[in-house]
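Visitor: File follows, coords-v7.cif with mmCIF, C-alpha atoms:
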```
data_target
loop_
_atom_site.label_atom_id
_atom_site.label_comp_id
_atom_site.auth_asym_id
_atom_site.auth_seq_id
_atom_site.Cartn_x
_atom_site.Cartn_y
_atom_site.Cartn_z
CA MET A 771 -7.84 -11.83 0.68
CA PRO A 772 -10.91 -11.75 -1.53
CA GLU A 773 -13.58 -9.11 -1.07
CA GLN A 774 -16.15 -11.68 0.02
CA GLU A 775 -18.19 -11.56 3.18
CA GLN A 776 -16.28 -14.49 4.64
CA VAL A 777 -12.66 -13.36 4.86
CA SER A 778 -11.30 -16.56 6.36
CA PRO A 779 -12.49 -20.05 7.27
CA GLU A 780 -12.58 -19.15 10.94
CA LYS A 781 -13.61 -15.54 11.37
CA PRO A 782 -16.94 -13.85 10.54
CA VAL A 783 -17.22 -10.67 8.51
CA SER A 784 -17.88 -8.67 11.71
CA ARG A 785 -14.14 -8.66 12.45
CA MET A 786 -13.41 -7.28 9.01
CA ARG A 787 -15.99 -4.56 9.62
CA HIS A 788 -14.38 -3.86 13.00
CA TYR A 789 -11.04 -3.13 11.36
CA ALA A 790 -12.69 -1.22 8.51
CA ASP A 791 -14.23 1.14 11.08
CA ILE A 792 -10.76 1.76 12.51
CA LEU A 793 -8.99 2.21 9.17
CA ASN A 794 -11.68 4.08 7.23
CA PRO A 795 -10.87 7.58 8.62
CA LEU A 796 -7.34 7.21 7.22
CA PHE A 797 -8.59 7.21 3.65
CA TRP A 798 -9.98 10.71 3.46
CA ASN A 799 -9.36 14.06 5.06
CA ASP A 800 -10.85 17.46 4.19
CA ASP A 801 -7.32 18.66 3.37
CA PHE A 802 -7.45 16.40 0.30
CA ASN A 803 -9.96 18.81 -1.26
CA GLU A 804 -6.96 21.03 -2.02
CA VAL A 805 -5.39 19.92 -5.28
CA HIS A 806 -1.85 19.64 -3.91
CA ARG A 807 -2.99 17.41 -1.07
CA ALA A 808 -5.24 15.45 -3.44
CA PHE A 809 -2.14 14.83 -5.55
CA GLU A 810 -0.25 13.38 -2.55
CA TRP A 811 -3.30 11.27 -1.72
CA ALA A 812 -3.47 10.02 -5.32
CA CYS A 813 0.22 9.08 -5.19
CA THR A 814 -0.55 7.02 -2.09
CA MET A 815 -3.54 5.30 -3.69
CA VAL A 816 -1.61 4.49 -6.87
CA ARG A 817 1.58 3.51 -4.97
CA VAL A 818 3.79 5.63 -7.19
CA THR A 819 7.22 4.11 -7.92
CA GLY A 820 9.64 4.08 -10.82
CA MET A 821 9.21 2.12 -14.04
CA LYS A 822 8.30 -1.56 -13.69
CA ASP A 823 7.22 -4.10 -16.26
CA THR A 824 4.26 -6.43 -15.81
CA GLY A 825 4.92 -9.18 -13.29
CA TRP A 826 7.21 -7.26 -10.94
CA ASP A 827 4.70 -6.17 -8.30
CA SER A 828 5.08 -8.17 -5.09
CA TYR A 829 1.72 -7.01 -3.71
CA THR A 830 -0.14 -8.32 -6.78
CA GLU A 831 1.54 -11.66 -6.21
CA SER A 832 0.80 -11.60 -2.47
CA ILE A 833 -2.90 -10.96 -3.05
CA ALA A 834 -3.05 -13.86 -5.51
CA LEU A 835 -1.19 -16.12 -3.08
CA LEU A 836 -3.46 -15.28 -0.15
CA GLU A 837 -6.56 -15.77 -2.28
CA ASP A 838 -5.21 -19.20 -3.26
CA PHE A 839 -4.58 -20.08 0.38
CA THR A 840 -8.08 -18.94 1.35
CA GLN A 841 -9.65 -21.13 -1.33
CA LEU A 842 -7.49 -24.10 -0.32
CA MET A 843 -8.41 -23.69 3.35
CA ASN A 844 -12.08 -23.70 2.42
CA LEU A 845 -11.85 -26.93 0.41
CA GLU A 846 -13.17 -30.18 1.81
CA LEU A 847 -9.98 -32.22 1.57
CA PRO A 848 -10.38 -35.89 0.62
CA SER A 849 -9.43 -38.17 3.51
CA ASP A 850 -7.77 -40.69 1.17
CA GLN A 851 -5.17 -38.04 0.26
CA PHE A 852 -4.97 -36.11 3.51
CA ALA A 853 -4.66 -38.19 6.68
CA ASN A 854 -5.61 -35.22 8.86
CA PRO A 855 -7.32 -32.44 6.84
CA ARG A 856 -7.60 -30.13 9.84
CA ASN A 857 -3.84 -30.23 10.37
CA THR A 858 -3.37 -29.37 6.71
CA GLN A 859 -5.70 -26.39 6.96
CA VAL A 860 -3.86 -25.10 10.01
CA ARG A 861 -0.52 -25.45 8.24
CA LEU A 862 -1.87 -23.44 5.31
CA ALA A 863 -3.23 -20.78 7.66
CA LEU A 864 0.14 -20.45 9.41
CA ILE A 865 2.05 -20.06 6.15
CA ALA A 866 -0.50 -17.53 4.88
CA TYR A 867 -0.32 -15.59 8.15
CA SER A 868 3.47 -15.48 8.11
CA HIS A 869 3.48 -14.25 4.53
CA MET A 870 0.81 -11.68 5.30
CA ILE A 871 2.68 -9.97 8.11
CA GLU A 872 5.85 -9.75 6.01
CA MET A 873 4.23 -7.89 3.08
CA SER A 874 5.83 -4.47 2.71
CA VAL A 875 3.02 -2.70 0.81
CA PRO A 876 0.43 -2.65 3.63
CA TYR A 877 3.00 -1.14 6.02
CA ASP A 878 4.00 1.47 3.43
CA LEU A 879 0.35 2.26 2.69
CA LEU A 880 -0.48 2.77 6.36
CA ALA A 881 2.65 4.86 6.93
CA ASN A 882 1.86 7.11 3.97
CA LEU A 883 -1.79 7.54 4.95
CA LEU A 884 -0.67 8.59 8.42
CA ARG A 885 2.00 10.90 6.95
CA LEU A 886 -0.72 12.63 4.92
CA ARG A 887 -2.78 13.12 8.09
CA LEU A 888 0.25 14.86 9.55
CA GLY A 889 0.55 17.21 6.58
CA MET A 890 3.55 15.39 5.11
CA LYS A 891 4.13 14.30 1.53
CA TYR A 892 3.85 10.87 -0.03
CA ALA A 893 7.11 8.91 0.04
CA ILE A 894 7.89 5.96 -2.22
CA GLU A 895 9.52 4.18 0.74
CA PRO A 896 8.18 5.83 3.89
CA LEU A 897 9.86 3.27 6.15
CA ALA A 898 13.22 3.08 4.35
CA HIS A 899 14.96 4.91 7.20
CA LEU A 900 14.42 1.80 9.33
CA ASN A 901 16.62 -0.30 7.03
CA LYS A 902 20.22 -0.97 8.04
CA ILE A 903 23.46 -1.44 6.10
CA ARG A 904 25.55 -4.25 7.57
CA ASP A 905 28.92 -5.80 6.87
CA VAL A 906 28.52 -9.40 5.71
CA LYS A 907 30.64 -12.10 4.14
CA VAL A 908 29.60 -13.70 0.86
CA ASN A 909 31.75 -16.68 -0.12
CA GLY A 910 34.44 -15.38 2.20
CA VAL A 911 34.41 -11.87 0.71
CA LYS A 912 33.41 -8.89 2.87
CA THR A 913 30.66 -6.73 1.41
CA LYS A 914 27.79 -4.46 2.40
CA LYS A 915 24.22 -5.67 2.50
CA LEU A 916 20.97 -3.80 2.97
CA MET A 917 18.98 -5.39 5.79
CA LYS A 918 15.30 -4.62 5.44
CA ALA A 919 13.45 -3.50 8.56
CA SER A 920 11.57 -6.20 10.44
CA PRO A 921 7.78 -6.15 10.81
CA SER A 922 8.28 -5.26 14.48
CA ALA A 923 10.29 -2.15 13.58
CA LYS A 924 7.70 -1.10 10.98
CA ILE A 925 4.85 -1.62 13.42
CA ASN A 926 6.62 0.46 16.06
CA GLU A 927 7.05 3.30 13.55
CA ILE A 928 3.43 3.14 12.41
CA ASP A 929 2.31 3.05 16.03
CA GLU A 930 4.24 6.28 16.69
CA LEU A 931 2.83 7.92 13.57
CA SER A 932 -0.70 6.92 14.57
CA LYS A 933 -0.24 8.55 17.97
CA LYS A 934 1.07 11.76 16.40
CA ALA A 935 -1.88 11.76 14.00
CA GLU A 936 -4.23 11.30 16.98
CA MET A 937 -5.39 7.97 15.58
CA PRO A 938 -3.81 5.59 18.13
CA GLU A 939 -6.37 2.87 17.41
CA VAL A 940 -4.62 2.20 14.07
CA GLY A 941 -1.35 1.34 15.81
CA ILE A 942 -3.17 -0.68 18.46
CA ALA A 943 -5.00 -2.72 15.81
CA LEU A 944 -1.77 -3.38 13.89
CA ARG A 945 0.03 -4.49 17.04
CA GLY A 946 -2.92 -6.71 17.88
CA ILE A 947 -2.65 -8.82 14.73
CA TYR A 948 1.11 -9.36 14.95
CA ASN A 949 2.42 -12.36 16.85
CA ASN A 950 6.20 -12.48 16.67
CA THR A 951 6.39 -15.85 18.43
CA ILE A 952 4.26 -17.64 15.85
CA ARG A 953 5.95 -15.79 13.00
CA ASN A 954 9.40 -16.86 14.15
CA ALA A 955 8.34 -20.45 14.75
CA VAL A 956 6.94 -20.77 11.22
CA TYR A 957 9.76 -18.98 9.42
CA HIS A 958 12.46 -20.89 11.27
CA SER A 959 10.66 -24.25 10.97
CA ASP A 960 10.68 -24.41 14.75
CA TYR A 961 7.29 -25.94 15.44
CA ALA A 962 5.26 -29.11 15.02
CA ILE A 963 1.56 -29.81 14.48
CA HIS A 964 0.20 -32.66 16.62
CA ASN A 965 -2.98 -33.57 18.49
CA ASP A 966 -4.92 -30.42 17.64
CA SER A 967 -2.15 -28.06 18.70
CA MET A 968 0.81 -26.15 17.38
CA ARG A 969 3.88 -27.02 19.44
CA LEU A 970 6.57 -24.37 19.82
CA LEU A 971 9.94 -26.07 20.04
CA SER A 972 12.01 -23.14 21.32
CA ASP A 973 9.52 -20.63 22.69
CA HIS A 974 6.36 -20.13 24.72
CA LEU A 975 3.14 -18.23 24.09
CA TYR A 976 0.78 -16.73 26.65
CA SER A 977 -2.54 -18.58 26.66
CA LYS A 978 -5.46 -16.21 27.23
CA LYS A 979 -7.62 -19.17 28.19
CA ASP A 980 -5.29 -20.86 30.69
CA LYS A 981 -3.49 -17.65 31.82
CA VAL A 982 -0.06 -19.27 31.53
CA PHE A 983 2.93 -19.30 29.14
CA THR A 984 2.96 -22.59 27.27
CA PRO A 985 4.61 -24.16 24.22
CA LEU A 986 1.24 -25.67 23.26
CA VAL A 987 -0.94 -23.42 21.10
CA THR A 988 -4.39 -24.85 20.49
CA PHE A 989 -5.93 -24.75 17.04
CA ASP A 990 -8.54 -22.33 18.36
CA GLU A 991 -5.75 -19.96 19.45
CA VAL A 992 -4.00 -20.34 16.10
CA ALA A 993 -7.30 -19.58 14.36
CA GLU A 994 -7.76 -16.41 16.43
CA VAL A 995 -4.30 -15.10 15.49
CA THR A 996 -4.51 -15.93 11.79
CA SER A 997 -8.11 -14.93 11.17
CA GLU A 998 -7.68 -11.55 12.88
CA ALA A 999 -4.82 -10.80 10.50
CA PHE A 1000 -6.94 -11.91 7.53
CA ALA A 1001 -9.73 -9.60 8.68
CA PHE A 1002 -7.37 -6.61 9.14
CA HIS A 1003 -5.68 -6.98 5.77
CA SER A 1004 -8.95 -7.71 3.98
CA ALA A 1005 -10.41 -4.50 5.41
CA LEU A 1006 -7.34 -2.53 4.34
CA LEU A 1007 -7.46 -3.97 0.82
CA VAL A 1008 -11.20 -3.33 0.37
CA LEU A 1009 -10.92 0.26 1.61
CA TRP A 1010 -7.97 0.92 -0.69
CA LYS A 1011 -9.85 -0.44 -3.72
CA ARG A 1012 -13.05 1.38 -2.78
CA GLN A 1013 -11.35 4.73 -2.36
CA ARG A 1014 -9.66 4.51 -5.74
CA LYS A 1015 -13.10 4.03 -7.30
CA LEU A 1016 -14.60 6.92 -5.32
CA PHE A 1017 -12.16 9.23 -7.10
CA ILE A 1018 -14.24 8.72 -10.25
CA ASP A 1019 -15.70 12.25 -9.97
CA PHE A 1020 -12.40 13.53 -11.36
CA LYS A 1021 -12.47 11.27 -14.43
CA GLY A 1022 -12.30 13.29 -17.65
CA LYS A 1023 -11.50 16.53 -15.84
CA ILE A 1024 -8.53 18.87 -15.79
CA LEU A 1025 -7.55 20.53 -12.51
CA PRO A 1026 -5.25 23.52 -12.02
CA TYR A 1027 -2.23 22.16 -10.18
CA ASP A 1028 0.75 24.54 -10.12
CA GLU A 1029 -0.09 28.25 -10.06
CA HIS A 1030 3.54 29.35 -10.57
CA TYR A 1031 4.40 27.25 -13.63
CA LYS A 1032 0.75 26.93 -14.68
CA GLY A 1033 0.72 23.15 -14.68
CA VAL A 1034 -2.62 21.31 -14.84
CA ILE A 1035 -3.31 17.74 -13.78
CA GLU A 1036 -5.53 14.98 -15.12
CA PHE A 1037 -6.16 11.90 -13.01
CA THR A 1038 -6.29 8.68 -15.03
CA PHE A 1039 -8.40 5.56 -14.53
CA GLU A 1040 -8.51 1.87 -15.39
CA ASP A 1041 -11.92 0.20 -15.10
CA ASP A 1042 -13.16 3.32 -13.30
CA SER A 1043 -10.46 2.94 -10.65
CA LEU A 1044 -7.76 5.58 -10.14
CA ASN A 1045 -4.51 4.34 -11.63
CA GLY A 1046 -2.35 7.45 -12.09
CA PHE A 1047 -2.10 11.01 -13.35
CA ARG A 1048 -0.74 13.26 -16.07
CA VAL A 1049 0.58 16.76 -15.39
CA TYR A 1050 0.61 19.07 -18.41
CA TRP A 1051 2.96 22.07 -18.54
CA PRO A 1052 2.49 25.08 -20.85
CA ASN A 1053 5.63 24.22 -22.89
CA GLU A 1054 4.09 20.88 -24.05
CA MET A 1055 6.01 18.86 -21.45
CA VAL A 1056 3.97 16.12 -19.73
CA GLY A 1057 4.71 14.24 -16.52
CA VAL A 1058 3.06 10.81 -16.35
CA CYS A 1059 2.72 8.19 -13.65
CA SER A 1060 0.44 5.14 -13.66
CA ARG A 1061 0.08 1.57 -12.39
CA ASN A 1062 -2.18 -0.92 -14.16
CA ALA A 1063 -3.95 -3.96 -12.72
CA ASP A 1064 -1.05 -6.22 -13.69
CA GLY A 1065 1.41 -4.12 -11.70
CA GLN A 1066 3.06 -2.47 -14.70
CA THR A 1067 4.09 1.08 -13.84
CA GLU A 1068 5.01 4.08 -15.94
CA ALA A 1069 6.94 7.08 -14.65
CA ARG A 1070 7.84 9.70 -17.25
CA ASN A 1071 9.34 13.11 -16.49
CA ILE A 1072 8.98 12.29 -12.79
CA GLN A 1073 11.68 13.08 -10.27
CA PHE A 1074 12.05 11.31 -6.93
CA GLU A 1075 13.53 13.56 -4.27
CA PRO A 1076 15.98 12.28 -1.61
CA ASP A 1077 13.12 12.12 0.92
CA GLY A 1078 11.10 9.91 -1.47
CA SER A 1079 8.60 12.60 -2.43
CA ILE A 1080 7.51 13.27 -6.02
CA ASN A 1081 8.60 16.16 -8.22
CA PHE A 1082 8.52 16.88 -11.96
CA PHE A 1083 10.82 17.63 -14.81
CA VAL A 1084 9.12 20.64 -16.38
CA GLY A 1085 11.30 20.91 -19.48
CA LEU A 1086 13.16 23.97 -20.75
CA TYR A 1087 12.65 27.32 -19.10
CA ALA A 1088 11.91 30.30 -21.30
CA SER A 1089 14.87 32.56 -22.19
CA HIS A 1090 12.66 35.60 -21.80
CA PRO A 1091 9.63 34.49 -19.80
CA GLY A 1092 6.49 36.52 -19.70
CA SER A 1093 4.12 36.98 -16.79
CA PHE A 1094 2.17 33.79 -17.45
CA SER A 1095 4.83 31.18 -16.62
CA PRO A 1096 8.62 30.79 -16.41
CA LEU A 1097 8.17 28.09 -19.07
CA VAL A 1098 6.62 30.36 -21.74
CA GLU A 1099 8.41 33.02 -23.75
CA SER A 1100 6.97 36.51 -23.35
CA ALA A 1101 6.10 36.68 -27.06
CA ASN A 1102 4.47 33.25 -27.13
CA GLU A 1103 1.18 31.74 -26.08
CA PRO A 1104 1.16 28.78 -23.67
CA VAL A 1105 0.84 25.43 -25.46
CA TYR A 1106 -0.19 22.29 -23.59
CA ALA A 1107 0.20 18.78 -25.02
CA VAL A 1108 -2.81 17.05 -26.55
CA VAL A 1109 -4.80 14.86 -24.15
CA PRO A 1110 -4.41 11.21 -25.27
CA ASP A 1111 -7.28 9.77 -27.33
CA THR A 1112 -8.62 13.28 -28.00
CA GLU A 1113 -7.75 16.26 -30.15
CA LYS A 1114 -8.05 18.63 -27.23
CA ARG A 1115 -5.38 20.54 -25.38
CA PRO A 1116 -5.76 21.67 -21.76
CA HIS A 1117 -5.65 25.34 -20.80
CA TRP A 1118 -5.10 27.28 -17.62
CA PRO A 1119 -8.53 28.14 -16.12
CA VAL A 1120 -8.97 31.77 -15.13
CA ASP A 1121 -11.36 30.77 -12.33
CA PHE A 1122 -8.93 28.14 -10.93
CA ARG A 1123 -11.57 25.39 -11.13
CA PRO A 1124 -11.68 21.89 -12.62
CA TYR A 1125 -13.13 21.63 -16.12
CA PRO A 1126 -13.97 18.74 -18.48
CA VAL A 1127 -11.44 17.61 -21.06
#
```
Written as structure tokens, that's how I'd like the structure from this file.

Guide:
Amino acid sequence: MPEQEQVSPEKPVSRMRHYADILNPLFWNDDFNEVHRAFEWACTMVRVTGMKDTGWDSYTESIALLEDFTQLMNLELPSDQFANPRNTQVRLALIAYSHMIEMSVPYDLLANLLRLRLGMKYAIEPLAHLNKIRDVKVNGVKTKKLMKASPSAKINEIDELSKKAEMPEVGIALRGIYNNTIRNAVYHSDYAIHNDSMRLLSDHLYSKKDKVFTPLVTFDEVAEVTSEAFAFHSALLVLWKRQRKLFIDFKGKILPYDEHYKGVIEFTFEDDSLNGFRVYWPNEMVGVCSRNADGQTEARNIQFEPDGSINFFVGLYASHPGSFSPLVESANEPVYAVVPDTEKRPHWPVDFRPYPV
């Protein structure tokens, strides 16, 4: 899903703009001007998780895969190697579509953005409650297996959240790009491509043109389904990337974060795009979370609560705390850790405002 004007071989950029208009209000709310809400928003933009090495981010791989498929679908295939190039392009589009609607990150991103609109916290797996534990047999041995929620279940949940957040158009748009019949046919190898149509071997699809249920899906109808999904996910991806760059005003600044413990926060960036944060505590403890462009994540002195929200290990409490913070001895001055690549230490601002490092 490249950020080009043409998001698919079949659909003009106007459809991408249509979905961007629907999704754009999700990405900012005036509540995010408060530092605690801005923190939850930043967690959502960074997709905070536990520690992961480079090469273990499924969304990074999915984006690369879909970009590859888009480029392949745009190629002029040589007729001496491809007997029917149009059939090949449709096959590629169907596989790309089926992969697209299975990706977990877009569903989690939408669910978290809607949760924030409802005043809730970021959750590392906002849709985990939809998963089921089932008894299965593996090589004749009974065991338990986690069954991940289906796209349908996730869409239903996001639809409900969008209604509660008074943004029902988000759920409507998501439902509109999901076609369970085509998804099942592709994933179960239960279709055939022949004579400019996709033929469903065990199901029927309603034809908007002919106003009937039919096992024959024309290439034009396939193109409508697949290109709408490309437009939706391209819009979501572009808005997500754009918003992380718009956070640049906080680069190189320290913000007061926790008035009780006197923690301050610094948002971190990679190529001028938000990629994480550091929280400094007045006993030299630092909580760090980041995700780089290769998908490598760091999570240090971070605690994940049972509900999936983020908390911090703040280090040792003072034996005899003073009035400044429970983390600082009454006879001592607060000491914050040095900001990386500088010789400066943060401080607690008396005016409760951001200040440059």

Visitor: Can you tell me how far CA of Ser1004 in chain A sits from CA of Ala943 in chain A, in Å to one decimal?

Guide: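 Going from CA of Ser1004 in chain A over to CA of Ala943 in chain A, I get 13.4 Å.
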
Visitor: What would the selection look like, as a PyMOL selection string, if the PyMOL selection byres ((chain A and resi 807) around 12) were run on the coordinates I just shared?

Guide: chain A and resi 798-806+808-814+883+885-892+1027

Visitor: For the structure shown, which residues end up in the PyMOL selection byres ((chain A and resi 822-833) around 9)? Put them as a PyMOL selection string, please?

Guide: chain A and resi 771-772+819-821+834-838+869-870+873-876+1061-1069

Visitor: Figure out the distance between CA of Pro1110 in chain A and CA of Glu1040 in chain A, please, to one decimal in Å.

Guide: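 These two atoms are separated by 14.2 Å.
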
Visitor: Write out as a PyMOL selection string the residues lying within 12 Å of Arg1115 in chain A, counting all atoms listed in the file and excluding same-chain residues fewer than 4 positions away.

Guide: chain A and resi 1024+1034+1036+1050-1054+1056+1104-1111+1126-1127

Visitor: With C-alpha atoms retained, could you export that selection as an mmCIF file, in the coordinates of the input?

Guide:
```
data_model
loop_
_atom_site.group_PDB
_atom_site.id
_atom_site.type_symbol
_atom_site.label_atom_id
_atom_site.label_comp_id
_atom_site.auth_asym_id
_atom_site.auth_seq_id
_atom_site.Cartn_x
_atom_site.Cartn_y
_atom_site.Cartn_z
ATOM 1 C CA ILE A 1024 -8.530 18.870 -15.790
ATOM 2 C CA VAL A 1034 -2.620 21.310 -14.840
ATOM 3 C CA GLU A 1036 -5.530 14.980 -15.120
ATOM 4 C CA TYR A 1050 0.610 19.070 -18.410
ATOM 5 C CA TRP A 1051 2.960 22.070 -18.540
ATOM 6 C CA PRO A 1052 2.490 25.080 -20.850
ATOM 7 C CA ASN A 1053 5.630 24.220 -22.890
ATOM 8 C CA GLU A 1054 4.090 20.880 -24.050
ATOM 9 C CA VAL A 1056 3.970 16.120 -19.730
ATOM 10 C CA PRO A 1104 1.160 28.780 -23.670
ATOM 11 C CA VAL A 1105 0.840 25.430 -25.460
ATOM 12 C CA TYR A 1106 -0.190 22.290 -23.590
ATOM 13 C CA ALA A 1107 0.200 18.780 -25.020
ATOM 14 C CA VAL A 1108 -2.810 17.050 -26.550
ATOM 15 C CA VAL A 1109 -4.800 14.860 -24.150
ATOM 16 C CA PRO A 1110 -4.410 11.210 -25.270
ATOM 17 C CA ASP A 1111 -7.280 9.770 -27.330
ATOM 18 C CA PRO A 1126 -13.970 18.740 -18.480
ATOM 19 C CA VAL A 1127 -11.440 17.610 -21.060
#
```

Visitor: Assuming the chain letters and numbering stay as they are in my file, what does the PyMOL selection byres ((chain A and resi 993) around 12) actually select? List them as a count of residues only.

Guide: 35

Visitor: Enter the distance from CA of Ser1100 in chain A to CA of Val1049 in chain A, in Å, rounded to one decimal.

Guide: 22.2 Å

Visitor: Taking 6 positions as the minimum chain separation for residues in the same chain, which residues sit within 12 Å of Asp1041 in chain A when counting only C-alpha atoms? Answer as a compact mmCIF listing (two decimals) with C-alpha atoms, in the frame of the given file.

Guide:
```
# COMPACT_ATOMS: atom_id res chain seq x y z
CA LYS A 1011 -9.85 -0.44 -3.72
CA ARG A 1014 -9.66 4.51 -5.74
CA LYS A 1015 -13.10 4.03 -7.30
CA ILE A 1018 -14.24 8.72 -10.25
CA LYS A 1021 -12.47 11.27 -14.43
CA ASN A 1062 -2.18 -0.92 -14.16
CA ALA A 1063 -3.95 -3.96 -12.72
```

Visitor: Give me the residues near Ile871 in chain A as a ChimeraX atom specification, where near means some atom within 10 Å (using all atoms listed in the file) and where sequence neighbours in that chain fewer than 6 positions away do not count.

Guide: /A:877,920-922,944,947-950,953,999-1000,1003

Visitor: Select, from A:Thr913, A:Asn882, A:Asn965, A:Asn1045, the residue with the minimum atom-to-atom distance to Ala935 in chain A, counting all atoms listed in the file.

Guide: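 Selected residue with least distance to Ala935 in chain A: A:Asn882.
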
Visitor: Closest to Ile925 in chain A among A:Val911, A:Ala1005, A:Pro1119, A:Glu872, using only C-alpha atoms?

Guide: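 Going through A:Val911, A:Ala1005, A:Pro1119, A:Glu872 one by one, the smallest distance to Ile925 in chain A is for A:Glu872.
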